[in-house]
$ cat protein-v6.txt   # compact mmCIF, C-alpha atoms
# COMPACT_ATOMS: atom_id res chain seq x y z
CA MET Y 1 295.74 80.58 106.61
CA PRO Y 2 298.30 82.56 108.58
CA LEU Y 3 300.58 80.98 111.13
CA THR Y 4 301.18 83.93 113.39
CA ARG Y 5 304.46 82.86 114.83
CA ALA Y 6 307.07 80.48 113.56
CA PHE Y 7 308.35 78.16 116.23
CA ALA Y 8 311.86 79.28 115.57
CA GLY Y 9 314.39 76.60 116.30
CA ARG Y 10 312.53 74.81 119.05
CA GLY Y 11 308.96 74.10 118.06
CA CYS Y 12 307.07 70.86 117.86
CA ASP Y 13 308.48 70.04 114.47
CA ALA Y 14 311.40 72.40 114.25
CA GLY Y 15 314.22 70.38 115.76
CA GLY Y 16 314.10 67.59 113.22
CA MET Y 17 314.72 64.72 115.63
CA GLU Y 18 311.77 62.35 115.73
CA LEU Y 19 311.15 59.31 117.89
CA ASP Y 20 309.21 56.08 117.81
CA PRO Y 21 306.31 56.65 120.22
CA ARG Y 22 306.24 52.94 121.11
CA GLY Y 23 309.81 53.27 122.38
CA GLN Y 24 308.70 56.07 124.69
CA ARG Y 25 305.81 54.01 126.03
CA PHE Y 26 308.20 51.11 126.62
CA ALA Y 27 310.71 53.35 128.40
CA ALA Y 28 307.92 54.75 130.58
CA THR Y 29 306.81 51.22 131.47
CA LEU Y 30 310.33 50.17 132.41
CA THR Y 31 310.73 53.38 134.41
CA SER Y 32 307.51 52.61 136.28
CA VAL Y 33 308.79 49.15 137.20
CA VAL Y 34 312.12 50.55 138.41
CA LEU Y 35 310.34 53.18 140.50
CA VAL Y 36 308.02 50.59 142.05
CA VAL Y 37 311.13 48.67 143.12
CA VAL Y 38 312.66 51.89 144.47
CA LEU Y 39 309.55 52.61 146.53
CA ALA Y 40 309.22 49.00 147.73
CA THR Y 41 312.85 48.62 148.80
CA GLY Y 42 313.91 52.19 149.57
CA TRP Y 43 317.05 51.51 147.55
CA GLY Y 44 318.71 54.92 147.15
CA TRP Y 45 321.32 53.77 144.62
CA LEU Y 46 318.64 52.47 142.29
CA ALA Y 47 316.91 55.86 142.53
CA LEU Y 48 320.23 57.47 141.62
CA GLY Y 49 320.60 55.07 138.70
CA GLN Y 50 317.14 56.04 137.40
CA ALA Y 51 318.07 59.71 137.80
CA ALA Y 52 321.12 59.02 135.61
CA VAL Y 53 318.93 57.26 133.03
CA PHE Y 54 316.63 60.30 132.94
CA ALA Y 55 319.61 62.63 132.52
CA VAL Y 56 321.10 60.66 129.62
CA THR Y 57 317.70 60.33 127.89
CA ALA Y 58 316.98 64.04 128.34
CA ALA Y 59 320.30 64.85 126.67
CA ASP Y 60 319.57 62.56 123.70
CA PRO Y 61 316.43 60.39 123.72
CA ARG Y 62 317.87 58.06 121.06
CA ARG Y 63 320.84 57.26 123.32
CA GLY Y 64 318.78 56.64 126.45
CA PRO Y 65 319.56 53.25 128.06
CA TYR Y 66 315.94 52.13 127.74
CA ALA Y 67 315.94 53.12 124.07
CA TYR Y 68 318.78 50.65 123.50
CA VAL Y 69 316.79 47.91 125.25
CA PHE Y 70 313.75 48.76 123.10
CA ARG Y 71 315.74 48.64 119.86
CA ALA Y 72 317.49 45.40 120.79
CA LEU Y 73 314.52 43.42 122.12
CA LEU Y 74 311.26 44.84 120.80
CA LEU Y 75 311.84 46.79 117.62
CA PRO Y 76 312.88 43.74 115.55
CA ARG Y 77 309.56 42.11 116.44
CA LEU Y 78 307.41 45.20 115.95
CA GLY Y 79 308.78 46.52 112.68
CA PRO Y 80 309.02 50.19 111.72
CA PRO Y 81 306.63 52.65 113.42
CA ALA Y 82 303.49 53.89 111.65
CA GLU Y 83 304.19 57.41 112.85
CA ARG Y 84 306.85 59.29 114.72
CA GLU Y 85 306.67 61.98 117.35
CA PRO Y 86 308.81 65.04 117.97
CA ALA Y 87 311.62 64.77 120.50
CA PRO Y 88 311.36 68.03 122.52
CA PRO Y 89 308.27 66.94 124.53
CA VAL Y 90 310.04 63.70 125.47
CA ARG Y 91 313.17 65.53 126.52
CA PHE Y 92 311.11 67.92 128.65
CA ALA Y 93 309.43 65.02 130.46
CA GLN Y 94 312.77 63.28 131.01
CA LEU Y 95 314.18 66.47 132.48
CA VAL Y 96 311.27 66.73 134.92
CA GLY Y 97 311.80 63.05 135.80
CA PHE Y 98 315.47 63.74 136.40
CA GLY Y 99 314.59 66.57 138.80
CA PHE Y 100 312.25 64.35 140.81
CA LEU Y 101 314.63 61.40 141.00
CA ALA Y 102 317.67 63.53 141.77
CA VAL Y 103 315.86 64.86 144.84
CA ALA Y 104 314.52 61.39 145.69
CA SER Y 105 317.95 59.74 145.56
CA VAL Y 106 319.51 62.47 147.71
CA GLY Y 107 316.66 61.93 150.18
CA TYR Y 108 317.14 58.17 150.33
CA LEU Y 109 320.93 58.31 150.47
CA THR Y 110 321.06 60.92 153.25
CA GLY Y 111 318.47 59.20 155.41
CA LEU Y 112 315.64 61.62 154.61
CA THR Y 113 313.51 58.69 153.55
CA ALA Y 114 310.26 60.69 153.52
CA VAL Y 115 311.70 63.03 150.87
CA GLY Y 116 312.84 60.03 148.85
CA VAL Y 117 309.41 58.41 149.01
CA VAL Y 118 307.49 61.56 148.06
CA PHE Y 119 309.65 62.45 145.05
CA ALA Y 120 309.99 58.86 143.83
CA ALA Y 121 306.18 58.62 144.06
CA PHE Y 122 305.78 61.76 141.91
CA GLY Y 123 308.17 60.24 139.39
CA LEU Y 124 306.21 56.98 139.39
CA LEU Y 125 302.90 58.79 138.91
CA ALA Y 126 304.21 60.66 135.86
CA ALA Y 127 305.89 57.57 134.37
CA PHE Y 128 302.82 55.42 134.93
CA LEU Y 129 300.45 57.96 133.36
CA ASN Y 130 302.84 58.24 130.43
CA ALA Y 131 303.02 54.46 129.98
CA ALA Y 132 299.29 53.86 130.39
CA PHE Y 133 297.74 56.98 128.84
CA SER Y 134 300.56 58.71 126.88
CA LEU Y 135 300.50 61.59 129.34
CA CYS Y 136 302.11 64.63 127.73
CA LEU Y 137 303.82 66.32 130.65
CA GLY Y 138 304.91 69.23 128.48
CA CYS Y 139 301.28 69.88 127.50
CA GLU Y 140 300.00 69.86 131.05
CA ALA Y 141 302.81 71.55 132.90
CA TYR Y 142 304.99 73.68 130.68
CA LEU Y 143 302.55 76.51 129.93
CA ALA Y 144 301.26 76.55 133.50
CA VAL Y 145 304.82 76.90 134.84
CA LYS Y 146 305.54 79.63 132.29
CA ARG Y 147 302.35 81.44 133.18
CA LEU Y 148 303.15 81.39 136.88
CA SER Y 149 306.84 82.20 136.56
CA GLY Y 150 307.11 84.22 133.35
CA ALA Y 151 307.56 87.98 133.34
CA ARG Y 152 304.43 90.06 133.03
CA SER Y 153 304.81 92.69 130.37
CA ALA Y 154 301.52 94.42 131.16
CA MET G 1 296.49 90.34 136.86
CA ILE G 2 294.10 88.84 139.36
CA GLU G 3 292.36 85.67 138.29
CA THR G 4 288.63 86.02 138.60
CA GLY G 5 286.05 83.31 138.87
CA ALA G 6 284.71 83.86 135.36
CA ASP G 7 286.18 81.65 132.66
CA PRO G 8 287.24 84.15 129.98
CA SER G 9 287.40 81.73 127.05
CA ALA G 10 284.46 79.46 127.84
CA ALA G 11 281.86 78.86 125.13
CA GLY G 12 279.68 81.94 124.69
CA GLN G 13 282.31 84.46 125.77
CA ARG G 14 283.12 87.22 123.34
CA LEU G 15 286.85 87.86 123.08
CA ASP G 16 288.38 91.31 122.95
CA ALA G 17 288.92 92.45 119.35
CA GLY G 18 292.28 94.06 120.13
CA LEU G 19 293.50 90.89 121.76
CA LEU G 20 292.49 88.83 118.75
CA ARG G 21 294.20 91.28 116.38
CA GLU G 22 297.36 91.00 118.47
CA LEU G 23 297.23 87.22 118.08
CA GLY G 24 296.98 87.55 114.31
CA VAL G 25 293.31 86.68 113.94
CA GLY G 26 292.07 88.42 110.81
CA GLU G 27 288.56 88.81 109.43
CA ALA G 28 286.90 85.50 108.70
CA LYS G 29 283.50 83.88 109.08
CA ALA G 30 285.06 81.44 111.52
CA THR G 31 288.47 81.03 113.11
CA LEU G 32 290.21 78.00 114.58
CA LEU G 33 292.52 79.63 117.10
CA GLN G 34 295.12 77.15 118.30
CA PHE G 35 297.47 77.61 121.25
CA SER G 36 300.59 75.48 121.06
CA SER G 37 303.87 75.14 122.91
CA ALA G 38 307.30 73.74 122.22
CA PHE G 39 307.01 70.66 124.44
CA CYS G 40 303.64 69.52 123.22
CA ALA G 41 303.45 66.38 121.10
CA PRO G 42 299.70 66.46 120.21
CA CYS G 43 299.94 70.10 119.09
CA ARG G 44 301.14 68.80 115.76
CA ALA G 45 298.08 66.59 115.33
CA VAL G 46 295.80 69.54 116.15
CA ARG G 47 297.63 71.65 113.58
CA ARG G 48 297.10 68.96 110.96
CA VAL G 49 293.39 68.51 111.69
CA SER G 50 292.73 72.25 111.91
CA SER G 51 294.53 73.18 108.72
CA GLU G 52 292.79 70.36 106.85
CA VAL G 53 289.41 71.55 108.09
CA ALA G 54 290.27 75.18 107.24
CA ALA G 55 291.20 74.10 103.71
CA LEU G 56 288.02 72.08 103.39
CA VAL G 57 285.41 74.48 104.76
CA PRO G 58 285.08 77.87 102.99
CA GLY G 59 285.41 80.96 105.19
CA VAL G 60 287.41 79.24 107.91
CA GLN G 61 290.90 80.32 108.93
CA HIS G 62 293.35 78.48 111.14
CA VAL G 63 295.59 80.62 113.34
CA GLU G 64 298.25 78.96 115.46
CA VAL G 65 299.79 80.89 118.34
CA ASP G 66 302.89 80.04 120.34
CA ALA G 67 301.43 80.31 123.83
CA GLU G 68 304.78 80.98 125.44
CA SER G 69 305.40 84.13 123.43
CA HIS G 70 301.89 85.47 124.18
CA LEU G 71 301.71 84.91 127.92
CA ASP G 72 299.60 87.99 128.59
CA ALA G 73 296.97 86.86 126.10
CA VAL G 74 297.17 83.33 127.48
CA ARG G 75 296.54 84.65 130.99
CA ALA G 76 293.75 86.92 129.82
CA LEU G 77 292.04 83.98 128.11
CA GLY G 78 292.51 81.59 131.03
CA ILE G 79 294.46 79.03 129.02
CA TRP G 80 296.57 76.65 131.06
CA ARG G 81 297.51 73.78 128.80
CA THR G 82 298.37 73.05 125.22
CA PRO G 83 296.97 72.22 122.78
CA THR G 84 293.89 74.36 123.33
CA LEU G 85 291.71 75.14 120.35
CA LEU G 86 289.07 77.90 120.31
CA VAL G 87 286.41 77.90 117.62
CA LEU G 88 285.44 81.54 117.06
CA ASP G 89 282.64 83.09 115.04
CA ALA G 90 283.02 86.24 112.92
CA GLU G 91 282.42 88.47 115.98
CA GLY G 92 285.09 86.74 118.06
CA ARG G 93 282.63 84.82 120.20
CA VAL G 94 283.80 81.42 121.45
CA ALA G 95 281.58 78.69 120.02
CA LYS G 96 283.63 75.86 121.43
CA ARG G 97 286.82 75.28 123.34
CA ALA G 98 288.69 72.00 123.04
CA THR G 99 291.82 70.78 124.78
CA GLY G 100 293.61 67.80 123.36
CA VAL G 101 293.14 66.57 119.81
CA PRO G 102 289.62 67.02 118.41
CA GLY G 103 288.32 64.73 115.69
CA LYS G 104 287.74 66.18 112.25
CA PRO G 105 283.97 65.48 112.34
CA GLN G 106 283.67 67.14 115.77
CA LEU G 107 285.47 70.19 114.49
CA ILE G 108 283.33 70.43 111.38
CA ALA G 109 280.22 70.03 113.54
CA ALA G 110 281.39 72.84 115.82
CA LEU G 111 281.92 75.03 112.77
CA GLY G 112 278.45 74.16 111.56
CA ASP G 113 277.04 76.02 114.56
CA VAL G 114 279.03 79.11 113.60
CA LEU G 115 278.73 79.35 109.83
$ encode --input "protein-v6.txt" --output "structure tokens"
Amino acid sequence: MPLTRAFAGRGCDAGGMELDPRGQRFAATLTSVVLVVVLATGWGWLALGQAAVFAVTAADPRRGPYAYVFRALLLPRLGPPAEREPAPPVRFAQLVGFGFLAVASVGYLTGLTAVGVVFAAFGLLAAFLNAAFSLCLGCEAYLAVKRLSGARSA
Amino acid sequence: MIETGADPSAAGQRLDAGLLRELGVGEAKATLLQFSSAFCAPCRAVRRVSSEVAALVPGVQHVEVDAESHLDAVRALGIWRTPTLLVLDAEGRVAKRATGVPGKPQLIAALGDVL
């Protein structure tokens, strides 16, 4: 049963860090709520705050602000998770979220409201699909981006 | 490479033998060829199901490929997302293609058509 290629250093299960999937769903739900408020009020600073949350969570998902809320409020009631999931896919999604919300907050704060609305809406779509259906952004987007941007050796 | 209308890894398509060799697919009555990537959470579940089925059913091999390091093959096969699992017969013909996590019974049923 050969595994053709080891996922050296960065594969699904190579990094070691694992996360409670319920915490990710909770964070995605909270993110969705924040982004609905952003879209409803056009509040640029809140968009910037969410961008910062994405950035911190991408750097270390266990230290994300919403992870602290999950551990303080929900985890004691839920008990330990039945299974854990690898961290790299979560970090990838958070990084994409950061990109969207960074652009959105710049749009809102410089008066380019249309840019803010469009990018905050993309962020909300991804967060909502993650919260409701466990969307795996890395599964859907990463290979496609690589295919379109990666060097062709042929 | 220009994308054509034909879907190169749809069920019924026969895959190029050289391409399969390059991906590490050896001789077997049936092959579960899995494409994975680094940022893919369900890839692990597919690996677990596939290797269990390969251990259970005689003549079946499970080959997992890091899609990112085989982009030419991935393009040639028209694969866009991970996890994608191809069920191949001994001649390299695609019996079934699944994206997402297949159930063990589904996988065994798909192999039943091949073996």
$ closest_residue --input "protein-v6.txt" --among "G:Ala6, G:Ala11, G:Ala30, G:Val65" --to "chain Y" --atoms "all atoms listed in the file"
G:Val65
$ closest_residue --input "protein-v6.txt" --among "G:Gly100, G:Ile79, G:Asp72, G:Val94" --to "Asp113 (chain G)" --atoms "all atoms listed in the file"
G:Val94
$ axis_aligned_box --input "protein-v6.txt" --around "region 79-85 of chain G" --padding-each-side "8 Å" --output "lines of an AutoDock Vina configuration file"
center_x = 295.0
center_y = 75.6
center_z = 125.7
size_x = 22.7
size_y = 22.8
size_z = 26.7
$ atom_distance --input "protein-v6.txt" --atom1 "CA of His62 (chain G)" --atom2 "CA of Ser50 (chain G)"
6.3 Å
$ closest_atom_pairs --input "protein-v6.txt" --of "chain G" --to "chain Y" --cutoff "9 Å" --atoms "all atoms listed in the file" --output "Markdown table"
| residue | atom | partner | partner_atom | distance |
| --- | --- | --- | --- | --- |
| G:Met1 | CA | Y:Ala154 | CA | 8.6 |
| G:Leu23 | CA | Y:Thr4 | CA | 7.0 |
| G:Gly24 | CA | Y:Thr4 | CA | 5.6 |
| G:Val25 | CA | Y:Thr4 | CA | 8.4 |
| G:Gly26 | CA | Y:Pro2 | CA | 8.8 |
| G:Ser36 | CA | Y:Cys139 | CA | 8.6 |
| G:Ser37 | CA | Y:Gly11 | CA | 7.1 |
| G:Ala38 | CA | Y:Gly11 | CA | 4.5 |
| G:Phe39 | CA | Y:Pro89 | CA | 3.9 |
| G:Cys40 | CA | Y:Cys139 | CA | 4.9 |
| G:Ala41 | CA | Y:Pro89 | CA | 5.9 |
| G:Pro42 | CA | Y:Cys136 | CA | 8.1 |
| G:Cys43 | CA | Y:Cys12 | CA | 7.3 |
| G:Arg44 | CA | Y:Cys12 | CA | 6.6 |
| G:Ser51 | CA | Y:Met1 | CA | 7.8 |
| G:Ala54 | CA | Y:Met1 | CA | 7.7 |
| G:Ala55 | CA | Y:Met1 | CA | 8.4 |
| G:Val60 | CA | Y:Met1 | CA | 8.5 |
| G:Gln61 | CA | Y:Met1 | CA | 5.4 |
| G:His62 | CA | Y:Met1 | CA | 5.5 |
| G:Val63 | CA | Y:Leu3 | CA | 5.5 |
| G:Glu64 | CA | Y:Leu3 | CA | 5.3 |
| G:Val65 | CA | Y:Thr4 | CA | 6.0 |
| G:Asp66 | CA | Y:Arg5 | CA | 6.4 |
| G:Ala67 | CA | Y:Leu143 | CA | 7.3 |
| G:Glu68 | CA | Y:Leu143 | CA | 6.7 |
| G:Ser69 | CA | Y:Arg5 | CA | 8.7 |
| G:Leu71 | CA | Y:Arg147 | CA | 6.3 |
| G:Asp72 | CA | Y:Arg152 | CA | 6.9 |
| G:Val74 | CA | Y:Arg147 | CA | 7.9 |
| G:Arg75 | CA | Y:Arg147 | CA | 7.0 |
| G:Ile79 | CA | Y:Ala144 | CA | 8.5 |
| G:Trp80 | CA | Y:Ala144 | CA | 5.3 |
| G:Arg81 | CA | Y:Glu140 | CA | 5.2 |
| G:Thr82 | CA | Y:Cys139 | CA | 4.9 |
| G:Pro83 | CA | Y:Cys139 | CA | 6.8 |
| G:Gly100 | CA | Y:Cys139 | CA | 9.0 |
$ residues_around --input "protein-v6.txt" --residues "Ala98 (chain G)" --least-positions-apart "3" --cutoff "9 Å" --atoms "all atoms listed in the file" --output "PyMOL selection string"
chain G and resi 83-87+101-102
$ residues_around --input "protein-v6.txt" --residues "region 66-80 of chain Y" --least-positions-apart "3" --cutoff "8 Å" --atoms "only C-alpha atoms" --output "PyMOL selection string"
chain Y and resi 23-24+26-27+30+53+61-63
$ residues_around --input "protein-v6.txt" --residues "Leu112 (chain Y)" --least-positions-apart "6" --cutoff "12 Å" --atoms "all atoms listed in the file" --output "compact mmCIF listing (two decimals) with C-alpha atoms, in the frame of the given file"
# COMPACT_ATOMS: atom_id res chain seq x y z
CA GLY Y 42 313.91 52.19 149.57
CA GLY Y 44 318.71 54.92 147.15
CA VAL Y 103 315.86 64.86 144.84
CA ALA Y 104 314.52 61.39 145.69
CA SER Y 105 317.95 59.74 145.56
CA VAL Y 106 319.51 62.47 147.71
CA VAL Y 118 307.49 61.56 148.06
CA PHE Y 119 309.65 62.45 145.05
$ atom_distance --input "protein-v6.txt" --atom1 "CA of Phe98 (chain Y)" --atom2 "CA of Ala126 (chain Y)"
11.7 Å
$ atom_distance --input "protein-v6.txt" --atom1 "CA of Arg93 (chain G)" --atom2 "CA of Gln34 (chain G)"
14.8 Å
$ closest_residue --input "protein-v6.txt" --among "Y:Pro81, Y:Asp20, Y:Ala120, Y:Thr29" --to "Thr41 (chain Y)" --atoms "all atoms listed in the file"
Y:Ala120
$ decode --input "protein-v6.txt" --residues "region 31-71 of chain G" --atoms "N, CA and C atoms" --output "mmCIF file, in the first residue's frame"
data_model
loop_
_atom_site.group_PDB
_atom_site.id
_atom_site.type_symbol
_atom_site.label_atom_id
_atom_site.label_comp_id
_atom_site.auth_asym_id
_atom_site.auth_seq_id
_atom_site.Cartn_x
_atom_site.Cartn_y
_atom_site.Cartn_z
ATOM 1 N N THR G 31 -7.230 0.013 -7.933
ATOM 2 C CA THR G 31 -6.462 1.045 -7.243
ATOM 3 C C THR G 31 -7.403 2.143 -6.755
ATOM 4 N N LEU G 32 -7.201 2.542 -5.505
ATOM 5 C CA LEU G 32 -7.860 3.744 -4.988
ATOM 6 C C LEU G 32 -6.832 4.855 -5.045
ATOM 7 N N LEU G 33 -6.976 5.737 -6.033
ATOM 8 C CA LEU G 33 -6.008 6.801 -6.246
ATOM 9 C C LEU G 33 -6.550 8.091 -5.638
ATOM 10 N N GLN G 34 -5.892 8.519 -4.562
ATOM 11 C CA GLN G 34 -6.390 9.671 -3.802
ATOM 12 C C GLN G 34 -5.516 10.902 -4.023
ATOM 13 N N PHE G 35 -6.153 12.017 -4.332
ATOM 14 C CA PHE G 35 -5.447 13.297 -4.444
ATOM 15 C C PHE G 35 -5.749 14.128 -3.206
ATOM 16 N N SER G 36 -4.673 14.540 -2.527
ATOM 17 C CA SER G 36 -4.811 15.287 -1.282
ATOM 18 C C SER G 36 -4.030 16.586 -1.373
ATOM 19 N N SER G 37 -4.276 17.476 -0.421
ATOM 20 C CA SER G 37 -3.469 18.691 -0.333
ATOM 21 C C SER G 37 -3.288 19.065 1.125
ATOM 22 N N ALA G 38 -2.382 20.002 1.347
ATOM 23 C CA ALA G 38 -1.979 20.321 2.717
ATOM 24 C C ALA G 38 -3.099 20.962 3.528
ATOM 25 N N PHE G 39 -3.990 21.716 2.866
ATOM 26 C CA PHE G 39 -4.983 22.485 3.615
ATOM 27 C C PHE G 39 -6.355 21.852 3.535
ATOM 28 N N CYS G 40 -6.379 20.542 3.594
ATOM 29 C CA CYS G 40 -7.599 19.795 3.333
ATOM 30 C C CYS G 40 -7.899 18.921 4.549
ATOM 31 N N ALA G 41 -8.914 19.292 5.313
ATOM 32 C CA ALA G 41 -9.233 18.527 6.519
ATOM 33 C C ALA G 41 -9.813 17.143 6.197
ATOM 34 N N PRO G 42 -10.776 17.006 5.278
ATOM 35 C CA PRO G 42 -11.355 15.679 5.028
ATOM 36 C C PRO G 42 -10.428 14.705 4.309
ATOM 37 N N CYS G 43 -9.280 15.185 3.811
ATOM 38 C CA CYS G 43 -8.339 14.268 3.163
ATOM 39 C C CYS G 43 -7.930 13.147 4.116
ATOM 40 N N ARG G 44 -7.835 13.488 5.382
ATOM 41 C CA ARG G 44 -7.427 12.495 6.366
ATOM 42 C C ARG G 44 -8.480 11.393 6.511
ATOM 43 N N ALA G 45 -9.738 11.794 6.488
ATOM 44 C CA ALA G 45 -10.818 10.807 6.592
ATOM 45 C C ALA G 45 -10.823 9.894 5.373
ATOM 46 N N VAL G 46 -10.574 10.470 4.183
ATOM 47 C CA VAL G 46 -10.535 9.663 2.964
ATOM 48 C C VAL G 46 -9.366 8.674 3.030
ATOM 49 N N ARG G 47 -8.234 9.136 3.559
ATOM 50 C CA ARG G 47 -7.083 8.254 3.706
ATOM 51 C C ARG G 47 -7.432 7.076 4.604
ATOM 52 N N ARG G 48 -8.134 7.370 5.692
ATOM 53 C CA ARG G 48 -8.475 6.314 6.645
ATOM 54 C C ARG G 48 -9.412 5.294 5.997
ATOM 55 N N VAL G 49 -10.467 5.783 5.366
ATOM 56 C CA VAL G 49 -11.442 4.888 4.735
ATOM 57 C C VAL G 49 -10.768 4.058 3.639
ATOM 58 N N SER G 50 -9.970 4.720 2.801
ATOM 59 C CA SER G 50 -9.361 4.034 1.660
ATOM 60 C C SER G 50 -8.367 2.971 2.107
ATOM 61 N N SER G 51 -7.545 3.298 3.115
ATOM 62 C CA SER G 51 -6.550 2.315 3.524
ATOM 63 C C SER G 51 -7.222 1.152 4.240
ATOM 64 N N GLU G 52 -8.321 1.429 4.938
ATOM 65 C CA GLU G 52 -9.055 0.324 5.573
ATOM 66 C C GLU G 52 -9.650 -0.602 4.523
ATOM 67 N N VAL G 53 -10.224 0.000 3.476
ATOM 68 C CA VAL G 53 -10.831 -0.805 2.416
ATOM 69 C C VAL G 53 -9.751 -1.599 1.675
ATOM 70 N N ALA G 54 -8.596 -0.954 1.433
ATOM 71 C CA ALA G 54 -7.502 -1.639 0.737
ATOM 72 C C ALA G 54 -6.991 -2.819 1.556
ATOM 73 N N ALA G 55 -6.998 -2.677 2.873
ATOM 74 C CA ALA G 55 -6.545 -3.765 3.737
ATOM 75 C C ALA G 55 -7.572 -4.893 3.784
ATOM 76 N N LEU G 56 -8.826 -4.518 3.585
ATOM 77 C CA LEU G 56 -9.931 -5.467 3.724
ATOM 78 C C LEU G 56 -10.146 -6.290 2.453
ATOM 79 N N VAL G 57 -10.057 -5.624 1.299
ATOM 80 C CA VAL G 57 -10.400 -6.261 0.033
ATOM 81 C C VAL G 57 -9.114 -6.695 -0.674
ATOM 82 N N PRO G 58 -8.952 -7.990 -0.961
ATOM 83 C CA PRO G 58 -7.727 -8.463 -1.615
ATOM 84 C C PRO G 58 -7.574 -7.876 -3.020
ATOM 85 N N GLY G 59 -6.334 -7.543 -3.380
ATOM 86 C CA GLY G 59 -6.056 -7.054 -4.725
ATOM 87 C C GLY G 59 -6.226 -5.557 -4.888
ATOM 88 N N VAL G 60 -6.557 -4.880 -3.796
ATOM 89 C CA VAL G 60 -6.783 -3.431 -3.893
ATOM 90 C C VAL G 60 -5.612 -2.680 -3.275
ATOM 91 N N GLN G 61 -5.099 -1.689 -3.993
ATOM 92 C CA GLN G 61 -4.064 -0.825 -3.415
ATOM 93 C C GLN G 61 -4.593 0.588 -3.270
ATOM 94 N N HIS G 62 -4.067 1.262 -2.233
ATOM 95 C CA HIS G 62 -4.414 2.666 -2.012
ATOM 96 C C HIS G 62 -3.170 3.499 -2.278
ATOM 97 N N VAL G 63 -3.278 4.449 -3.181
ATOM 98 C CA VAL G 63 -2.155 5.328 -3.497
ATOM 99 C C VAL G 63 -2.605 6.762 -3.237
ATOM 100 N N GLU G 64 -1.873 7.437 -2.363
ATOM 101 C CA GLU G 64 -2.214 8.833 -2.074
ATOM 102 C C GLU G 64 -1.165 9.748 -2.693
ATOM 103 N N VAL G 65 -1.631 10.774 -3.377
ATOM 104 C CA VAL G 65 -0.760 11.689 -4.102
ATOM 105 C C VAL G 65 -0.949 13.095 -3.569
ATOM 106 N N ASP G 66 0.144 13.789 -3.321
ATOM 107 C CA ASP G 66 0.061 15.202 -2.963
ATOM 108 C C ASP G 66 -0.172 15.990 -4.247
ATOM 109 N N ALA G 67 -1.387 16.499 -4.391
ATOM 110 C CA ALA G 67 -1.787 17.146 -5.654
ATOM 111 C C ALA G 67 -0.852 18.292 -6.016
ATOM 112 N N GLU G 68 -0.427 19.022 -5.004
ATOM 113 C CA GLU G 68 0.372 20.214 -5.256
ATOM 114 C C GLU G 68 1.718 19.889 -5.899
ATOM 115 N N SER G 69 2.269 18.732 -5.560
ATOM 116 C CA SER G 69 3.572 18.399 -6.135
ATOM 117 C C SER G 69 3.428 17.616 -7.444
ATOM 118 N N HIS G 70 2.200 17.425 -7.911
ATOM 119 C CA HIS G 70 1.966 16.779 -9.216
ATOM 120 C C HIS G 70 0.974 17.608 -10.027
ATOM 121 N N LEU G 71 1.287 18.903 -10.167
ATOM 122 C CA LEU G 71 0.306 19.792 -10.806
ATOM 123 C C LEU G 71 0.049 19.439 -12.266
#
